[in-house]
Amino acid sequence: MMSGSHLWIRHEKLTLNRLVFEADASKAGAPPTIDAKVGCVTQRQGAALKAEAKLRQAMVASEAKLQKAMIRAEAKLRRAKKPAEEKLQQALVEAEVKLRQALVEADAKLRQAEGPAEAKVQRALVEAEEKLKRAAIQADEKLRQAQQELAYQRDVFERFFALSLDMMSISSSDGYFTRVSPSFDALGYTHDELLSRPALDFVHPDDRAKTQEQLAKLVSGMPTITFENRFRCKDGSYRWLSWVSGPDSVGTMYSMARDVTDAKHKQEELAHAKDVAEAMNRELESFSYSVAHDLRSPLRSIDGFSQALLEDYVETLDAEGKKYLAFIRESAQHMAELIDDLLGLSRVTRSNLHREDVDLTALAHAAVSRLRRSQPDRRVEIVIAEGLRDQGDSHLLAVALDNLFGNAWKFTSKRLDGRIEFGTTLVGDRKAYFVRDNGVGFDMAFASKLFGVFQRLHTTSEFEGTGVGLATVQRVVSRHDGHTWAEAKVNDGATFYFTLYEKGCVYEQR
Amino acid sequence: MSNDRVILLVEDNPKDEALTLRALAKSHFVNPIVVVRDGVEALDYLFARGAHAGRDPEAVPQIVLLDLKLPKIDGLEVLRELRSNDLTKHLPVVVLTSSLEEQDLITSYGLGVNSYVRKPVDFVQFMESVRQLGLYWLVLNQAAPVPRKS
C-alpha cells in the first residue's frame, strides 16, 4: 500500500529536480555572447526549452499520480475505518454487558452475605453489652473496696496522729497551724490557742530568722527541710524542738517536731566533761613527769651512798654487810626501772594517737638493731616478713614492737639457737600480727595474768624485768582498737598476737 | 689544758652534791670545785656580784655542771643569762640532770648548752659518767679564751 508520505517524498524530489533544472536552465539562459557560435546558443536555448517542456510534462504527470495515490489511500482508509469502528462498537457493547453482569452478581453476593453478617453484628452487640454490665459490677466492687481501704488508712492515720509522742502538725500556707496532735499538750497550750496565732509567733525571737530561712528553701523546691528552734511554752519557758517539714502541692505544710531540750543539755554536759577530762589529762601529765623526776633523785642517793659505803668502808664491813648494801643498790636500780616503765606506760595512755601509714617491717628491723647493739655477742636468727604496712601511730607501735621483740630476745637468751619471727597470719577471718620465739615459753594456765601491770610469770633471778612491758603492748594495741593474746608451751616458745583496728572493737579509757 | 681553772657545780641537792664531788675526786681531777646551790648564786658567782662581789670576773670557770631543777631561778634561766653575756657566752656548760624529757633537751640545746647528760641512778654508772665528762671537758676540750678588756 502506497502511503501518503511516500507520495510526498516523490513530489518533493520532483520539485527539487525542477529547481536544479531551473538553475541549470537559468545558467543555460545566460545572455548570449556576441559570438560566432550564435548557432550554439540558439541550439542551447532550444534544448532548454525542450527540457523545460519535458519537465513540465513530468511534473504534471507526477502530480496527477500523486493525487491518484492520495485518493486511493483515502479510499483505503475509509474502507479500513468502517470495520475498525464496527469492531470498537462491538467491543464497547460487550464490555457494557459484562459490567452489568458483574454488578448483578456482586449485588446478589452482597445480599447473600448480608444476612449472616447482620446476625454476627447482633450477637457481638449482645456480648458487648453483657461484658459492659460485668465490668460495671466489678468497678463498683473495686470502688467499694477502695473506699474501705481509704477509710481504714484514715483511721490508721488518726490513731497514730493521736498516739504520736512527737508533735505532729498541719499548717496552712499562710503560716497558721490548722491541726496539731495531742502531743502538743506538753507545751501547755489549748488546741485553739495554738491555732489562733501564726506559728512563728511561738518561736524564740532569736531563732525566727533561721526558721524563716529554712521555710524559704521549701519555696525553692526542696522536698523537706529540717531545723531546730526554741518554742515558747504557755508558762513562758522555752523548749528546743527539732523539726522536719514538707509541703504538698498546694502549700499545706506537714511537720513533726521532737523535744530535744534534754538531748541538747546532755550534749553541753558532754562537751564540758570532755574539757574537764582533757584538763585533768594535762595535769596528770605534768604530775607524772615531776613524780618520776622527783623519785629518781632519792634513788640515786640510796644507790650512791651504798656504793660509797662499799668502797670507802670496805675494811669495817663484813661479807654480810657488803651483801646488804648490794641488795640496797639492786633495789634502788630496780625501782628506777619501774619508774621509767610506768612513765612509759602512762605516756602511752596519755598521748594523742596520730593515725598515719606505718611501715611495721621497718619498725621491727629497728627494734632488732637496737637489741643486737645492746648484746653484740648473741646469735639470734631473726625473720621479719617484708612489706608489712598498716595504719596507726608509728611511735606507739614502735614502743609495742620494742617490748615484744625485747621479750622474745630475753626469753631466748638461754638458747644458742634462738629464733624470733615477725609476720602476719589469718586468725578466723581477721589479719593478725605475731611475734614468735623458740624461747622458754610459759604455762598457758597463767595466760590471764600475762598482760597485767607488774604481773610476771618468771622470777627476777630467771629473767630480769618489771612486768610492765606486756601491759604497755596491750595498751598500745587497745588504743588502736585491736586485741592482744598469746599462746605458748613451757620450754617450747611463745607466740604473741595482736590485731589493729578491728571492726566493732572500740577502746574505752578506764 | 689548765688544772687551775674552776669547776662550777650548780646543784641544790646536798646528796647529789656529795656524790658528784666524790666521783670527781675518785677520777683524780684536781681542779678547784666551787659549789653554788641555786640559780641566783650561780649568776652572782659568774658575774662577780652579790655574795661573790670580790671575785675577778675574768677568771671564768673551766666548765659549769648545771642542774636544771634549782630553787629561785632554774637551770634553763641561768643558761639563758650566761649565753647573753659576752664574758660567759662561750663558757662550756654541761647540763647534768635527772630529766630526759624531750622538751628540756630541746630548750637546753636551743639556748646553747654544750652537752646534756642524764644522771643515772646507778652510782657506778654515775661515777663513770663523771669521769668521762671530766676527761673530755677538763683535759681534751679546748675552752674558748677569756675575752680580755684591753
# chains A, B, ... in the order shown; residues from 1 in each chain; ligands from 1
>>> interface_residues(of="chain A", to="chain B", cutoff="8 Å", atoms="only C-alpha atoms", output="list in words")
His293, Arg296, Ser297, Leu299, Arg300, Ser301, Asp303, Gly304, Phe305, Gln307, Arg329, Ala332, Gln333 and Ala336 of chain A
>>> write_last_selection(atoms="all heavy atoms", output="compact mmCIF listing (two decimals), in the first residue's frame")
# COMPACT_ATOMS: atom_id res chain seq x y z
N HIS A 293 60.49 12.29 138.01
CA HIS A 293 61.72 13.03 138.19
C HIS A 293 62.13 13.09 139.65
O HIS A 293 63.28 12.84 140.01
CB HIS A 293 61.51 14.45 137.64
CG HIS A 293 62.75 15.25 137.56
ND1 HIS A 293 63.22 15.99 138.61
CD2 HIS A 293 63.63 15.41 136.56
CE1 HIS A 293 64.34 16.58 138.25
NE2 HIS A 293 64.61 16.24 137.01
N ARG A 296 63.43 9.77 141.24
CA ARG A 296 64.76 9.27 140.84
C ARG A 296 65.86 9.81 141.73
O ARG A 296 66.86 9.11 142.00
CB ARG A 296 65.06 9.68 139.39
CG ARG A 296 64.41 8.78 138.39
CD ARG A 296 65.12 8.90 137.06
NE ARG A 296 64.23 8.47 135.99
CZ ARG A 296 63.54 9.28 135.23
NH1 ARG A 296 63.63 10.58 135.38
NH2 ARG A 296 62.75 8.80 134.30
N SER A 297 65.68 11.03 142.14
CA SER A 297 66.74 11.66 142.91
C SER A 297 67.07 10.91 144.20
O SER A 297 68.23 10.57 144.44
CB SER A 297 66.35 13.12 143.20
OG SER A 297 67.47 13.84 143.61
N LEU A 299 66.51 7.89 144.86
CA LEU A 299 67.04 6.58 144.49
C LEU A 299 68.54 6.66 144.19
O LEU A 299 69.30 5.75 144.53
CB LEU A 299 66.32 6.06 143.24
CG LEU A 299 64.95 5.46 143.46
CD1 LEU A 299 64.33 5.10 142.13
CD2 LEU A 299 65.02 4.24 144.35
N ARG A 300 68.91 7.76 143.60
CA ARG A 300 70.31 7.95 143.27
C ARG A 300 71.14 8.04 144.55
O ARG A 300 72.23 7.50 144.63
CB ARG A 300 70.50 9.22 142.43
CG ARG A 300 71.85 9.25 141.74
CD ARG A 300 71.98 10.35 140.71
NE ARG A 300 71.14 11.51 141.00
CZ ARG A 300 70.01 11.79 140.37
NH1 ARG A 300 69.59 11.00 139.42
NH2 ARG A 300 69.31 12.85 140.70
N SER A 301 70.55 8.69 145.53
CA SER A 301 71.24 8.79 146.82
C SER A 301 71.42 7.43 147.44
O SER A 301 72.50 7.07 147.90
CB SER A 301 70.43 9.62 147.81
OG SER A 301 70.36 10.94 147.42
N ASP A 303 71.43 4.52 146.10
CA ASP A 303 72.42 3.72 145.38
C ASP A 303 73.83 4.27 145.59
O ASP A 303 74.79 3.52 145.87
CB ASP A 303 72.07 3.71 143.89
CG ASP A 303 72.98 2.80 143.10
OD1 ASP A 303 74.07 3.26 142.69
OD2 ASP A 303 72.63 1.63 142.92
N GLY A 304 73.94 5.58 145.45
CA GLY A 304 75.25 6.22 145.52
C GLY A 304 75.95 6.02 146.86
O GLY A 304 77.12 5.63 146.92
N PHE A 305 75.20 6.27 147.93
CA PHE A 305 75.85 6.16 149.24
C PHE A 305 76.07 4.72 149.66
O PHE A 305 77.00 4.43 150.42
CB PHE A 305 75.08 6.97 150.29
CG PHE A 305 75.24 8.44 150.05
CD1 PHE A 305 74.18 9.22 149.62
CD2 PHE A 305 76.49 9.04 150.21
CE1 PHE A 305 74.34 10.58 149.38
CE2 PHE A 305 76.66 10.39 149.96
CZ PHE A 305 75.59 11.17 149.55
N GLN A 307 77.03 2.48 147.55
CA GLN A 307 78.29 2.20 146.87
C GLN A 307 79.46 2.88 147.57
O GLN A 307 80.54 2.29 147.73
CB GLN A 307 78.20 2.68 145.41
CG GLN A 307 79.43 2.39 144.57
CD GLN A 307 79.70 0.91 144.40
OE1 GLN A 307 78.81 0.07 144.64
NE2 GLN A 307 80.92 0.57 144.02
N ARG A 329 71.44 -1.53 146.73
CA ARG A 329 71.73 -0.97 145.40
C ARG A 329 70.84 -1.60 144.33
O ARG A 329 70.29 -0.91 143.47
CB ARG A 329 73.20 -1.21 145.05
CG ARG A 329 74.14 -0.30 145.79
CD ARG A 329 75.49 -0.25 145.10
NE ARG A 329 75.36 0.40 143.81
CZ ARG A 329 76.07 0.08 142.73
NH1 ARG A 329 76.95 -0.90 142.78
NH2 ARG A 329 75.90 0.74 141.61
N ALA A 332 67.31 -0.25 144.56
CA ALA A 332 67.21 1.12 144.06
C ALA A 332 67.19 1.12 142.53
O ALA A 332 66.39 1.84 141.91
CB ALA A 332 68.37 1.95 144.58
N GLN A 333 68.04 0.31 141.95
CA GLN A 333 68.10 0.29 140.49
C GLN A 333 66.82 -0.30 139.88
O GLN A 333 66.30 0.18 138.87
CB GLN A 333 69.31 -0.50 140.02
CG GLN A 333 70.57 0.35 140.04
CD GLN A 333 71.80 -0.51 140.17
OE1 GLN A 333 71.87 -1.58 139.57
NE2 GLN A 333 72.76 -0.06 140.96
N ALA A 336 64.17 2.24 139.92
CA ALA A 336 64.35 3.22 138.84
C ALA A 336 63.77 2.70 137.54
O ALA A 336 63.09 3.42 136.80
CB ALA A 336 65.83 3.54 138.67
>>> residues_around(residues="Ser27 (chain B)", least_positions_apart="4", cutoff="10 Å", atoms="only C-alpha atoms", output="list of chain:residue names")
B:Leu21, B:Arg22, B:Ala23, B:Met127, B:Glu128, B:Val130, B:Arg131, B:Gln132, B:Gly134, B:Leu135
>>> select_by_dssp(residues="chain B", states="alpha helix (DSSP H)", output="VMD selection string")
chain B and resid 14 to 26 39 to 46 75 to 83 102 to 110 123 to 134
>>> residues_around(residues="region 30-41 of chain B", least_positions_apart="5", cutoff="7 Å", atoms="only C-alpha atoms", output="PyMOL selection string")
chain B and resi 3-12+70-75+78
>>> closest_residue(among="A:Ile339, A:Arg378, A:Leu165, A:Val435", to="Asp294 (chain A)", atoms="only C-alpha atoms")
A:Ile339
>>> closest_residue(among="A:Asp192, A:Leu309, A:Tyr289, A:Gln212", to="Glu102 (chain B)", atoms="only C-alpha atoms")
A:Tyr289
>>> residues_around(residues="Thr224 (chain A)", least_positions_apart="6", cutoff="8 Å", atoms="only C-alpha atoms", output="list of chain:residue names")
A:Leu218, A:Val244, A:Ser245, A:Gly246, A:Pro247
>>> atom_distance(atom1="CA of Ser171 (chain A)", atom2="CA of Leu215 (chain A)")
12.3 Å
>>> atom_distance(atom1="CA of Ile420 (chain A)", atom2="CA of Asp437 (chain A)")
4.5 Å
>>> decode(residues="region 36-60 of chain B", atoms="N, CA and C atoms", output="PDB file, in the first residue's frame")
ATOM      1  N   VAL B  36      77.586  26.079 144.046  1.00  0.00           N
ATOM      2  CA  VAL B  36      76.534  27.059 144.351  1.00  0.00           C
ATOM      3  C   VAL B  36      75.199  26.314 144.332  1.00  0.00           C
ATOM      4  N   ARG B  37      74.271  26.797 145.183  1.00  0.00           N
ATOM      5  CA  ARG B  37      73.099  25.957 145.436  1.00  0.00           C
ATOM      6  C   ARG B  37      71.797  26.452 144.856  1.00  0.00           C
ATOM      7  N   ASP B  38      71.824  27.570 144.135  1.00  0.00           N
ATOM      8  CA  ASP B  38      70.617  27.968 143.424  1.00  0.00           C
ATOM      9  C   ASP B  38      70.995  28.848 142.238  1.00  0.00           C
ATOM     10  N   GLY B  39      70.039  29.179 141.423  1.00  0.00           N
ATOM     11  CA  GLY B  39      70.288  29.917 140.199  1.00  0.00           C
ATOM     12  C   GLY B  39      70.832  31.306 140.450  1.00  0.00           C
ATOM     13  N   VAL B  40      70.323  31.964 141.475  1.00  0.00           N
ATOM     14  CA  VAL B  40      70.775  33.329 141.785  1.00  0.00           C
ATOM     15  C   VAL B  40      72.251  33.324 142.152  1.00  0.00           C
ATOM     16  N   GLU B  41      72.633  32.388 143.039  1.00  0.00           N
ATOM     17  CA  GLU B  41      74.037  32.313 143.465  1.00  0.00           C
ATOM     18  C   GLU B  41      74.938  31.995 142.275  1.00  0.00           C
ATOM     19  N   ALA B  42      74.429  31.135 141.366  1.00  0.00           N
ATOM     20  CA  ALA B  42      75.221  30.781 140.184  1.00  0.00           C
ATOM     21  C   ALA B  42      75.575  32.025 139.384  1.00  0.00           C
ATOM     22  N   LEU B  43      74.556  32.867 139.129  1.00  0.00           N
ATOM     23  CA  LEU B  43      74.800  34.078 138.346  1.00  0.00           C
ATOM     24  C   LEU B  43      75.660  35.084 139.125  1.00  0.00           C
ATOM     25  N   ASP B  44      75.400  35.157 140.425  1.00  0.00           N
ATOM     26  CA  ASP B  44      76.221  36.047 141.258  1.00  0.00           C
ATOM     27  C   ASP B  44      77.688  35.675 141.154  1.00  0.00           C
ATOM     28  N   TYR B  45      77.940  34.368 141.174  1.00  0.00           N
ATOM     29  CA  TYR B  45      79.340  33.919 141.078  1.00  0.00           C
ATOM     30  C   TYR B  45      79.922  34.277 139.715  1.00  0.00           C
ATOM     31  N   LEU B  46      79.178  33.896 138.653  1.00  0.00           N
ATOM     32  CA  LEU B  46      79.698  34.076 137.298  1.00  0.00           C
ATOM     33  C   LEU B  46      79.952  35.549 136.972  1.00  0.00           C
ATOM     34  N   PHE B  47      79.073  36.441 137.475  1.00  0.00           N
ATOM     35  CA  PHE B  47      79.250  37.855 137.143  1.00  0.00           C
ATOM     36  C   PHE B  47      79.884  38.648 138.301  1.00  0.00           C
ATOM     37  N   ALA B  48      80.388  37.906 139.243  1.00  0.00           N
ATOM     38  CA  ALA B  48      81.121  38.527 140.372  1.00  0.00           C
ATOM     39  C   ALA B  48      80.326  39.629 141.021  1.00  0.00           C
ATOM     40  N   ARG B  49      79.169  39.241 141.498  1.00  0.00           N
ATOM     41  CA  ARG B  49      78.358  40.247 142.196  1.00  0.00           C
ATOM     42  C   ARG B  49      77.716  39.601 143.422  1.00  0.00           C
ATOM     43  N   GLY B  50      77.001  40.372 144.158  1.00  0.00           N
ATOM     44  CA  GLY B  50      76.324  39.860 145.354  1.00  0.00           C
ATOM     45  C   GLY B  50      77.321  39.257 146.327  1.00  0.00           C
ATOM     46  N   ALA B  51      77.078  38.014 146.715  1.00  0.00           N
ATOM     47  CA  ALA B  51      77.944  37.341 147.697  1.00  0.00           C
ATOM     48  C   ALA B  51      79.351  37.110 147.142  1.00  0.00           C
ATOM     49  N   HIS B  52      79.475  37.147 145.802  1.00  0.00           N
ATOM     50  CA  HIS B  52      80.794  36.869 145.197  1.00  0.00           C
ATOM     51  C   HIS B  52      81.383  38.123 144.558  1.00  0.00           C
ATOM     52  N   ALA B  53      81.031  39.285 145.123  1.00  0.00           N
ATOM     53  CA  ALA B  53      81.449  40.548 144.522  1.00  0.00           C
ATOM     54  C   ALA B  53      82.962  40.718 144.433  1.00  0.00           C
ATOM     55  N   GLY B  54      83.694  40.107 145.312  1.00  0.00           N
ATOM     56  CA  GLY B  54      85.134  40.337 145.311  1.00  0.00           C
ATOM     57  C   GLY B  54      85.903  39.543 144.247  1.00  0.00           C
ATOM     58  N   ARG B  55      85.222  38.730 143.550  1.00  0.00           N
ATOM     59  CA  ARG B  55      85.900  37.813 142.604  1.00  0.00           C
ATOM     60  C   ARG B  55      86.311  38.542 141.322  1.00  0.00           C
ATOM     61  N   ASP B  56      87.344  38.024 140.682  1.00  0.00           N
ATOM     62  CA  ASP B  56      87.751  38.556 139.380  1.00  0.00           C
ATOM     63  C   ASP B  56      86.847  37.951 138.309  1.00  0.00           C
ATOM     64  N   PRO B  57      86.017  38.783 137.678  1.00  0.00           N
ATOM     65  CA  PRO B  57      85.050  38.226 136.731  1.00  0.00           C
ATOM     66  C   PRO B  57      85.695  37.581 135.500  1.00  0.00           C
ATOM     67  N   GLU B  58      86.911  37.992 135.207  1.00  0.00           N
ATOM     68  CA  GLU B  58      87.531  37.402 134.022  1.00  0.00           C
ATOM     69  C   GLU B  58      88.063  36.002 134.269  1.00  0.00           C
ATOM     70  N   ALA B  59      88.118  35.642 135.538  1.00  0.00           N
ATOM     71  CA  ALA B  59      88.549  34.277 135.847  1.00  0.00           C
ATOM     72  C   ALA B  59      87.342  33.357 135.740  1.00  0.00           C
ATOM     73  N   VAL B  60      86.965  33.090 134.479  1.00  0.00           N
ATOM     74  CA  VAL B  60      85.772  32.260 134.292  1.00  0.00           C
ATOM     75  C   VAL B  60      86.108  30.797 134.568  1.00  0.00           C
TER      76      VAL B  60
END
